[in-house]
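Heads up, the thing below is written out as structure tokens.
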Protein chains: 2
Amino acid sequence: MTMCQTLNTLFSPRSIAILGASNTAGKSGAVPIALLLEAGYAGKIYPVNPRQDTVYGIPCHASLGDIEDAIDLVIIAIPASHVLAALEKSRPGQISNAVIFTSGFAEVGDVGLQLQQQLQAFARKRHIRLLGPNCLGFINIRKNTYATFSPAPFNGRLPAGHVGMVTQSGAFGAYAYCLARERHLGLSFWISTGNESDLDVADCIQWLVDDPDTKVIMAYIEGCKDGDKLKRALWAANRAGKPVVVTKIGRTNSGARAAASHTAALAGDDVVYDALFKQYGVIRAYTIDEFFNVGQALSKWPDRPAKNQNLAIISISGGVGALMADEADENRLNLPAPPEAVKTRLLARIPFAGANNPVDVTGHALTDLSILLDTSRDMLGTGNYGALAIFLAAAGSSETLWPYLQELVDVLHTEHPHIPLAISALLAPERKNTLQKNGAMVFVDPSVAIRTLSRIMHHRPAIIPVQNNEQPHVSLPEGTGALNEADSLSMLKKAGIPVTPFAVAKSAFEAQEVASQWRGSVAMKIVSADILHKSDVGGVKLGIDGEQAVSDAYDDILQSVRSNMPQVAIDGVLVAPMRSGGIECIMGVHRDPIFGPVVMFGLGGIFVEILKDVSFRLAPFDREEALLMIHEIRATALLFGTRGQGPADISALADTLVALSRLAYEKRDQIESIDINPILALPEGQGVLALDGLIIRNRIT
Amino acid sequence: MTMCQTLNTLFSPRSIAILGASNTAGKSGAVPIALLLEAGYAGKIYPVNPRQDTVYGIPCHASLGDIEDAIDLVIIAIPASHVLAALEKSRPGQISNAVIFTSGFAEVGDVGLQLQQQLQAFARKRHIRLLGPNCLGFINIRKNTYATFSPAPFNGRLPAGHVGMVTQSGAFGAYAYCLARERHLGLSFWISTGNESDLDVADCIQWLVDDPDTKVIMAYIEGCKDGDKLKRALWAANRAGKPVVVTKIGRTNSGARAAASHTAALAGDDVVYDALFKQYGVIRAYTIDEFFNVGQALSKWPDRPAKNQNLAIISISGGVGALMADEADENRLNLPAPPEAVKTRLLARIPFAGANNPVDVTGHALTDLSILLDTSRDMLGTGNYGALAIFLAAAGSSETLWPYLQELVDVLHTEHPHIPLAISALLAPERKNTLQKNGAMVFVDPSVAIRTLSRIMHHRPAIIPVQNNEQPHVSLPEGTGALNEADSLSMLKKAGIPVTPFAVAKSAFEAQEVASQWRGSVAMKIVSADILHKSDVGGVKLGIDGEQAVSDAYDDILQSVRSNMPQVAIDGVLVAPMRSGGIECIMGVHRDPIFGPVVMFGLGGIFVEILKDVSFRLAPFDREEALLMIHEIRATALLFGTRGQGPADISALADTLVALSRLAYEKRDQIESIDINPILALPEGQGVLALDGLIIRNRIT
């Protein structure tokens, strides 16, 4: 039985037993039965409760074992301490899946954790898949399967649609259900994962990827325990062409602290999640509104990537048009002007229109709405715009204009079904819904409209790193802890990272000999795996010029280090030519406990230390991703040339980041961290040069 | 007659004549009459139209002159070309004010501009104040005075309230009217200013400041022609304790271009508006939603400044609590934990609650909402929180919980009327309105709730610069154009700005003599008002050490400059001791055509040139404002000490910025610009030192 088949019996069960079935409306053992009956669930329902004869008119069983049939899904709504015993009364092979509403497990501490582990062990033995515990359950909208105790559906059911929603938080899930209803957003599945004792968000995303009715996935994430599984699910979503929108908590210090205390586990380093989302083609939404705006927009226009980032704006108010242009600019959208022919046609009808982009059709357009339609068609007809945003001010509430507004949306959607169309106007809820059904998004605030469009217009699917077989194979010296600088640099060089020429001298004489091979002055540094901060113990001398100076420097360094750190093993003194010019950069790798090796890039000195201006990506990645990483730092302009200085070798920087990411990935089980600081970005065409490097291996290999 | 009295007859007219009165529903000459009658306007209405006997049942006059009485307000709804002639038919002194709906004036080009100027001239002669032309008019809500042709009020009137709204854009104004109605936001006045041929936004703000019913002012601004008037109005609002919220278009390049093409005038430099808003205690809203959220929040809690920036968060979902903490952190709000006693009381009732801040009362709080009320009271009872945000997820739609929710808001508002309270939940519109009437703000998105609270919690009234009489009086040399470096530095020194010691040598010998008074090497620079880029013509030599070197440098400089620029007048060579250490900063002044002298601050080199990391303030300002300016640059951390370097003399930087701002303000009619680049910020306690300075006087004095 593959995982997929198993989840099919979970999410589309033909039979459901309810442990703790109740006749008392509102109880967690009553809600799902009432919802299933009300919705007309087509499978079998088996209430289980030794103290009841019938529940909601259906004959009750005293225990699972008393049910003759096999059960696809057991819903568990009894106290935590009774769950295992109740499940044990089933026959081996009788039960395929369980959804556990009950709280009082891992989330309440050690006693609960033990109960949860016992339950997990039993389920594993019996091949039962678990959703929860401490979750709100799930809903399969099309199959009327309400395996939830959230009362939200009693106030109105959701329409069936193509958005699959999965959330770790029950409270958020219930809210999301209500918000989706309010917005008439159709879902395929609504799933809450709770404590994730077995199935987690990644499993559910994978399920939604495989579900033919799901086209867009919305996920609310608090934390993740299995990074590889999540990566696989996100890859799968990319391959299937299903965009994923995620809201993840803990993006700031305060939020991360709150998240950690809530999930009773480290939520994980947010910058790493952020890198994951960028690389795996996930749109991250920062607020609940944005989560829904983007999810809903994607459900209308799921094609990725967008045609381009050119936005057409048409406004009946020049001022608000400018406000929309502000928002477009801040969200990196282009506003190319329409061709002259389009302008001329508009100006012939409204001489004082603003014919550039934003197009200001002025209030006159309200006396003849065909102007709006014609101008919109003219603009989109150029084929040059990736989306259209229209601002209608108060005109949305006009009775006379309403038929024209409907026509506008109908015609534009028919002619350009793949071009996102956002209308900003104040409309009565049913009118808003009509326009949204017919192919537009409707907003009150035109800035929110633009921001939403920008999120889907900038969205690109993931760049899948090519497995590069020509990559030099590197073998790391045995052992644990730091490699000394010389070994670190050699290793980096083998991995394809340009490093400064150097040699290790074991005596003052050797140092002189080595130094003499280069013109100009040299840098000299103590070589010892035990010394991480070489300067602090007098282990570094820079700009040493001349035989005697080199010899003296060698002696000074040894003496200073020996007197400061008498115990350490010294492997010699590294001698390298002094090198200046270029821009000092930093590259690094650290291992994230959830997602593995993470590569960092930044400019050196104050930019990293004081301004924390760095970017991150999960290893491995390709050139295109590396270039995005370089562009992402705030000070990126410095690399593209400053007054009196040409551009740095961006291309070589990108190649080096790729090489570093491959080294980090290949040796992910052995390498704890890598620091290359500084690495000089030389002028364009001259490459990069690592001047110092440090590789730290695992404490335990 | 003071301006204020005049505006009283405009905005509270006892009699209104309508030029172009019409019986055709929807026409601009019909709408105001229909609205006035429907609303029960208590004053007299005089329809004017030679082709009608009666309009809406009221006898019509053929012309203004045919009306026997004096008229407080004429509403003009006839074509542009007829306006002047129609007004001329009034008797001198008969008319006090006119609101001109008609378009076709300055906004359509030269012909219209001429018409508008003729109209202005006539109005000035007759002491008639004008609102418009090309405007939607105004509404005095309490007096039922509907001097507008916007049909928006037909769909429902606004409640009377304490928010005065003024907008330059008619379309925006109509939209804002509808949004206010949708939000049940009560207004005092709603005013649209259009072309501003006479009264502008600043006049209307001033009027609202003087209006006792207005407590909060919301202004939508596209541009401003009279900076001083706007400043005065904003001061007045500050003195009166009336917060002002502004949305201004054109904050980006695209937006500014769109705004310029819309208003047919430069919208003005947005960074200068931004400085104005910061200094004059104006809250700038970046979207229409934010404009209303902040305006509405201020209308409930107008007290400024806020008690503190400590926010209490209570959530029934730990995850969403963390999401709210993220938003609080990004908006620089603090989340101090409640005292132990408060935690203990909560944990006694819900053992698995999160008792820090955000407080996670968990879903259990929904089974007993008194937990929510008690915890809220406990938190606010500490006196330590400036605002409270509560997230209730889907609980808002529960019938059972609704009475408790009402009680929650009632009790908290009664006990803490000055503490902003934001509830995030999905509520039916009438319930939302009930809670908002009773003292809470209600949001769907908890992040928007936090952002709105942060805007009002961070708002501070303006810091009024003290007129400092001890300020040294500086007199600028007669003439126009640049001062040479020596004169510029002397001027800056007299104004209280620490400058490097220097002397001007007229010969190589003098240069030697001058240089000998300082130890170490010197900098030598050509002195000429005609040379702005001294280095480019070989006019600068740095680090010159020794008699011969100084003498040679003098000759080299003169020779190089003379060969490069044979025509220029040379005033000698400036000699100054070389100075290093400290952090290079830049200070500057430029004159904004609308708002006068603007002071800039930034760090030197790449920070200004490449990263554009600078802050601006209008001159003059005080220390507190200067400190804000220093903190505002992104790289401000560099001034507060870096690895191996203590903090710079921030205090001296602030004093110097204040001195520069006072110089710029005192000489605002003479000085075009000032550049001080670099000015060294020396280590704490050692002050600052300007190394180069350039003052440019007006082209025409």
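Scheme for the structure tokens: letters A, B, ... for chains in order shown; per-chain residue numbers from 1; ligand numbers from 1 in order shown.
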
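All chain B residues having an atom within 6 Å of chain A, based on only C-alpha atoms, amount to B:Ala171, B:Ala174, B:Tyr175, B:Ile249, B:Thr252, B:Ser254, B:Gly255, B:Ala258, B:Ala259, B:His262, B:Thr287, B:Ile288, B:Asp289, B:Ser317, B:Gly318, B:Ala322, B:Leu323, B:Ala325, B:Asp326, B:Asp329, B:Ala393, B:Ala394, B:Asp445, B:Ser447.
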
Using only C-alpha atoms, determine which residues lie at most 12 Å from A:Gln548, disregarding the query and same-chain residues fewer than 6 positions distant; provide the list as a ChimeraX atom specification.
/A:508-509,511-513,515-516,554-555

Go ahead and save the residues from that selection, with N, CA, C and O atoms, as a short mmCIF file (atom, residue, chain, number, x, y, z; two decimals), in the first residue's frame.
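part.cif, written as the output of this step:
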data_model
loop_
_atom_site.label_atom_id
_atom_site.label_comp_id
_atom_site.auth_asym_id
_atom_site.auth_seq_id
_atom_site.Cartn_x
_atom_site.Cartn_y
_atom_site.Cartn_z
N ALA A 508 61.64 30.33 9.77
CA ALA A 508 61.82 31.69 9.27
C ALA A 508 62.48 31.65 7.90
O ALA A 508 62.12 32.42 6.99
N PHE A 509 63.38 30.71 7.73
CA PHE A 509 64.07 30.60 6.44
C PHE A 509 63.09 30.19 5.34
O PHE A 509 63.06 30.79 4.26
N ALA A 511 60.03 30.70 5.33
CA ALA A 511 59.14 31.84 5.10
C ALA A 511 59.77 32.80 4.10
O ALA A 511 59.12 33.27 3.16
N GLN A 512 61.05 33.10 4.29
CA GLN A 512 61.77 33.98 3.35
C GLN A 512 61.73 33.41 1.94
O GLN A 512 61.43 34.11 0.97
N GLU A 513 61.99 32.11 1.86
CA GLU A 513 62.05 31.45 0.56
C GLU A 513 60.71 31.55 -0.15
O GLU A 513 60.62 31.89 -1.33
N ALA A 515 58.24 33.65 0.48
CA ALA A 515 57.85 35.04 0.20
C ALA A 515 58.53 35.55 -1.06
O ALA A 515 57.98 36.38 -1.79
N SER A 516 59.74 35.04 -1.30
CA SER A 516 60.52 35.58 -2.42
C SER A 516 59.92 35.27 -3.77
O SER A 516 60.24 35.88 -4.77
N TYR A 554 58.07 36.11 11.13
CA TYR A 554 57.88 34.70 11.46
C TYR A 554 58.14 34.47 12.95
O TYR A 554 57.32 33.89 13.67
N ASP A 555 59.28 34.98 13.41
CA ASP A 555 59.65 34.78 14.81
C ASP A 555 58.65 35.46 15.75
O ASP A 555 58.24 34.89 16.76
#

8 Å contact set for B:Ser454, only C-alpha atoms, chain neighbours under 4 positions out, as a PyMOL selection string
chain B and resi 309+328+331-333+450+458

Could you pull out the alpha helix (DSSP H) residues of stretch 275-344 of chain B from DSSP and send them as JSON, numbers by chain?
{"B": [275, 276, 277, 278, 279, 288, 289, 290, 291, 292, 293, 294, 295, 296, 297, 298, 299, 300, 318, 319, 320, 321, 322, 323, 324, 325, 326, 327, 328, 329, 330, 340, 341, 342, 343, 344]}

Name the residues in contact with A:Arg460 at a cut-off of 9 Å, using only C-alpha atoms, excluding same-chain residues fewer than 3 positions from it; report them as a list in words.
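In the requested format, the answer is Gly281, Val282, Ile283, Arg304, Pro305, Ala306, Ile456, Met457 and Ile463 of chain A.
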
Could you write out that same residue set with C-alpha atoms as an mmCIF file, in the first residue's frame?
data_model
loop_
_atom_site.group_PDB
_atom_site.id
_atom_site.type_symbol
_atom_site.label_atom_id
_atom_site.label_comp_id
_atom_site.auth_asym_id
_atom_site.auth_seq_id
_atom_site.Cartn_x
_atom_site.Cartn_y
_atom_site.Cartn_z
ATOM 1 C CA GLY A 281 8.772 29.034 -5.689
ATOM 2 C CA VAL A 282 6.574 29.664 -2.649
ATOM 3 C CA ILE A 283 4.815 33.011 -2.253
ATOM 4 C CA ARG A 304 3.145 30.780 -13.676
ATOM 5 C CA PRO A 305 5.361 32.585 -14.420
ATOM 6 C CA ALA A 306 3.429 35.765 -15.238
ATOM 7 C CA ILE A 456 1.487 37.037 -8.391
ATOM 8 C CA MET A 457 3.283 38.908 -11.211
ATOM 9 C CA ILE A 463 14.777 26.958 -10.263
#

My list of candidates is A:Val209, A:Phe11, A:Ile671, A:Thr6. Which is closest to A:Glu478 when distances are computed with only C-alpha atoms?
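For A:Glu478, the nearest of the given residues is A:Ile671.
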
Find the residues near stretch 49-58 of chain B: any atom within 6 Å, counting only C-alpha atoms, skip ones fewer than 6 places away on the same chain, and give them as a PyMOL selection string.
chain B and resi 20-21+23

Next, the residues of the selection above should be written as a PDB file, in the first residue's frame with all heavy atoms.
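Output contents, as saved in part.pdb:
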ATOM      1  N   GLY B  20     -27.647  77.917 -12.244  1.00  0.00           N
ATOM      2  CA  GLY B  20     -27.774  76.721 -13.083  1.00  0.00           C
ATOM      3  C   GLY B  20     -28.676  75.700 -12.434  1.00  0.00           C
ATOM      4  O   GLY B  20     -28.559  74.499 -12.703  1.00  0.00           O
ATOM      5  N   ALA B  21     -29.576  76.178 -11.566  1.00  0.00           N
ATOM      6  CA  ALA B  21     -30.507  75.278 -10.888  1.00  0.00           C
ATOM      7  C   ALA B  21     -31.311  74.502 -11.929  1.00  0.00           C
ATOM      8  O   ALA B  21     -31.687  75.039 -12.965  1.00  0.00           O
ATOM      9  CB  ALA B  21     -31.433  76.076  -9.983  1.00  0.00           C
ATOM     10  N   ASN B  23     -34.162  71.033 -12.731  1.00  0.00           N
ATOM     11  CA  ASN B  23     -35.124  70.047 -12.243  1.00  0.00           C
ATOM     12  C   ASN B  23     -34.754  68.629 -12.670  1.00  0.00           C
ATOM     13  O   ASN B  23     -35.444  67.682 -12.299  1.00  0.00           O
ATOM     14  CB  ASN B  23     -36.520  70.371 -12.792  1.00  0.00           C
ATOM     15  CG  ASN B  23     -37.173  71.487 -11.988  1.00  0.00           C
ATOM     16  OD1 ASN B  23     -37.238  71.415 -10.760  1.00  0.00           O
ATOM     17  ND2 ASN B  23     -37.637  72.540 -12.678  1.00  0.00           N
TER      18      ASN B  23
END

Going by DSSP on the backbone, which residues of stretch 494-552 of chain A come out as strand (DSSP E or B)? List them as a ChimeraX atom specification.
/A:499,503-505,522-527,540-544

Counting only C-alpha atoms, which of B:Ala98, B:Lys300, B:Phe122, B:Leu136 gets nearest to B:His162?
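Among the listed residues, B:Lys300 lies closest to B:His162.
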
Counting only C-alpha atoms, which of A:Leu185, A:Leu618, A:Ala529, A:Val688 gets nearest to A:Ile586?
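Selected residue with least distance to A:Ile586: A:Val688.
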
Selected residue of minimal separation from A:Asp592 among A:Gly161, A:Pro501, A:Gly227, A:Gly29, counting only C-alpha atoms
A:Gly227

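Relative to atom CA of B:Phe189, atom CA of B:Met165 is found at 6.0 Å.
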
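Straight-line separation from atom CA of A:Leu489 to atom CA of A:Glu684: 23.2 Å.
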
What's the separation between atom CA of B:Pro577 and atom CA of B:Met524, in Å to one decimal place?
8.8 Å

Which residues are close to B:Leu694, i.e. within 8 Å by only C-alpha atoms, leaving aside same-chain residues fewer than 3 positions away? Reply as a count of residues only.
9

Tell me which protein, DNA and RNA residues are within 9 Å of stretch 63-70 of chain B, counting only C-alpha atoms, leaving out same-chain ones fewer than 2 positions away, and put them as a compact mmCIF listing (two decimals) with N, CA and C atoms, in the first residue's frame.
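Printed below is around.txt as written:
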# COMPACT_ATOMS: atom_id res chain seq x y z
N SER B 15 -27.92 81.32 3.63
CA SER B 15 -28.66 81.35 2.37
C SER B 15 -27.75 80.84 1.25
N ALA B 17 -27.65 80.37 -3.02
CA ALA B 17 -28.19 80.49 -4.37
C ALA B 17 -27.52 79.44 -5.24
N LEU B 19 -26.68 78.76 -9.08
CA LEU B 19 -26.61 79.20 -10.48
C LEU B 19 -26.64 77.97 -11.37
N TYR B 46 -32.13 79.68 -3.02
CA TYR B 46 -32.53 80.51 -4.16
C TYR B 46 -32.07 79.88 -5.46
N VAL B 48 -31.41 79.76 -9.29
CA VAL B 48 -31.24 80.80 -10.31
C VAL B 48 -31.17 80.12 -11.68
N ASN B 49 -32.11 80.44 -12.53
CA ASN B 49 -32.11 79.90 -13.89
C ASN B 49 -33.16 80.67 -14.69
N PRO B 50 -32.72 81.42 -15.70
CA PRO B 50 -33.67 82.27 -16.45
C PRO B 50 -34.70 81.45 -17.21
N CYS B 60 -37.94 80.35 -9.06
CA CYS B 60 -36.61 80.56 -9.62
C CYS B 60 -36.38 82.05 -9.88
N HIS B 61 -35.12 82.50 -9.75
CA HIS B 61 -34.75 83.85 -10.16
C HIS B 61 -33.98 83.76 -11.47
N ASP B 72 -25.16 84.29 1.29
CA ASP B 72 -23.90 83.81 1.90
C ASP B 72 -23.11 82.99 0.90
N VAL B 74 -23.01 81.16 -3.11
CA VAL B 74 -23.52 80.84 -4.44
C VAL B 74 -22.88 79.53 -4.88
N ALA B 86 -22.37 85.70 -15.11
CA ALA B 86 -23.47 85.44 -14.17
C ALA B 86 -23.17 86.08 -12.82
N LEU B 87 -21.91 86.00 -12.39
CA LEU B 87 -21.54 86.59 -11.10
C LEU B 87 -21.62 88.11 -11.16
N GLU B 88 -21.27 88.64 -12.34
CA GLU B 88 -21.27 90.10 -12.48
C GLU B 88 -22.67 90.68 -12.34
N LYS B 89 -23.68 89.84 -12.51
CA LYS B 89 -25.05 90.32 -12.35
C LYS B 89 -25.44 90.49 -10.89
N SER B 90 -24.57 90.06 -9.96
CA SER B 90 -24.87 90.28 -8.54
C SER B 90 -24.51 91.72 -8.19
N ARG B 91 -25.06 92.20 -7.07
CA ARG B 91 -24.71 93.54 -6.60
C ARG B 91 -23.43 93.46 -5.76
N GLY B 93 -21.15 93.38 -2.84
CA GLY B 93 -21.46 93.10 -1.44
C GLY B 93 -22.58 92.11 -1.24
N GLN B 94 -23.28 91.76 -2.30
CA GLN B 94 -24.41 90.85 -2.14
C GLN B 94 -23.96 89.42 -1.84
N ILE B 95 -22.85 89.03 -2.49
CA ILE B 95 -22.38 87.64 -2.42
C ILE B 95 -21.16 87.54 -1.51
N SER B 96 -21.15 86.59 -0.59
CA SER B 96 -19.96 86.40 0.26
C SER B 96 -19.03 85.31 -0.24
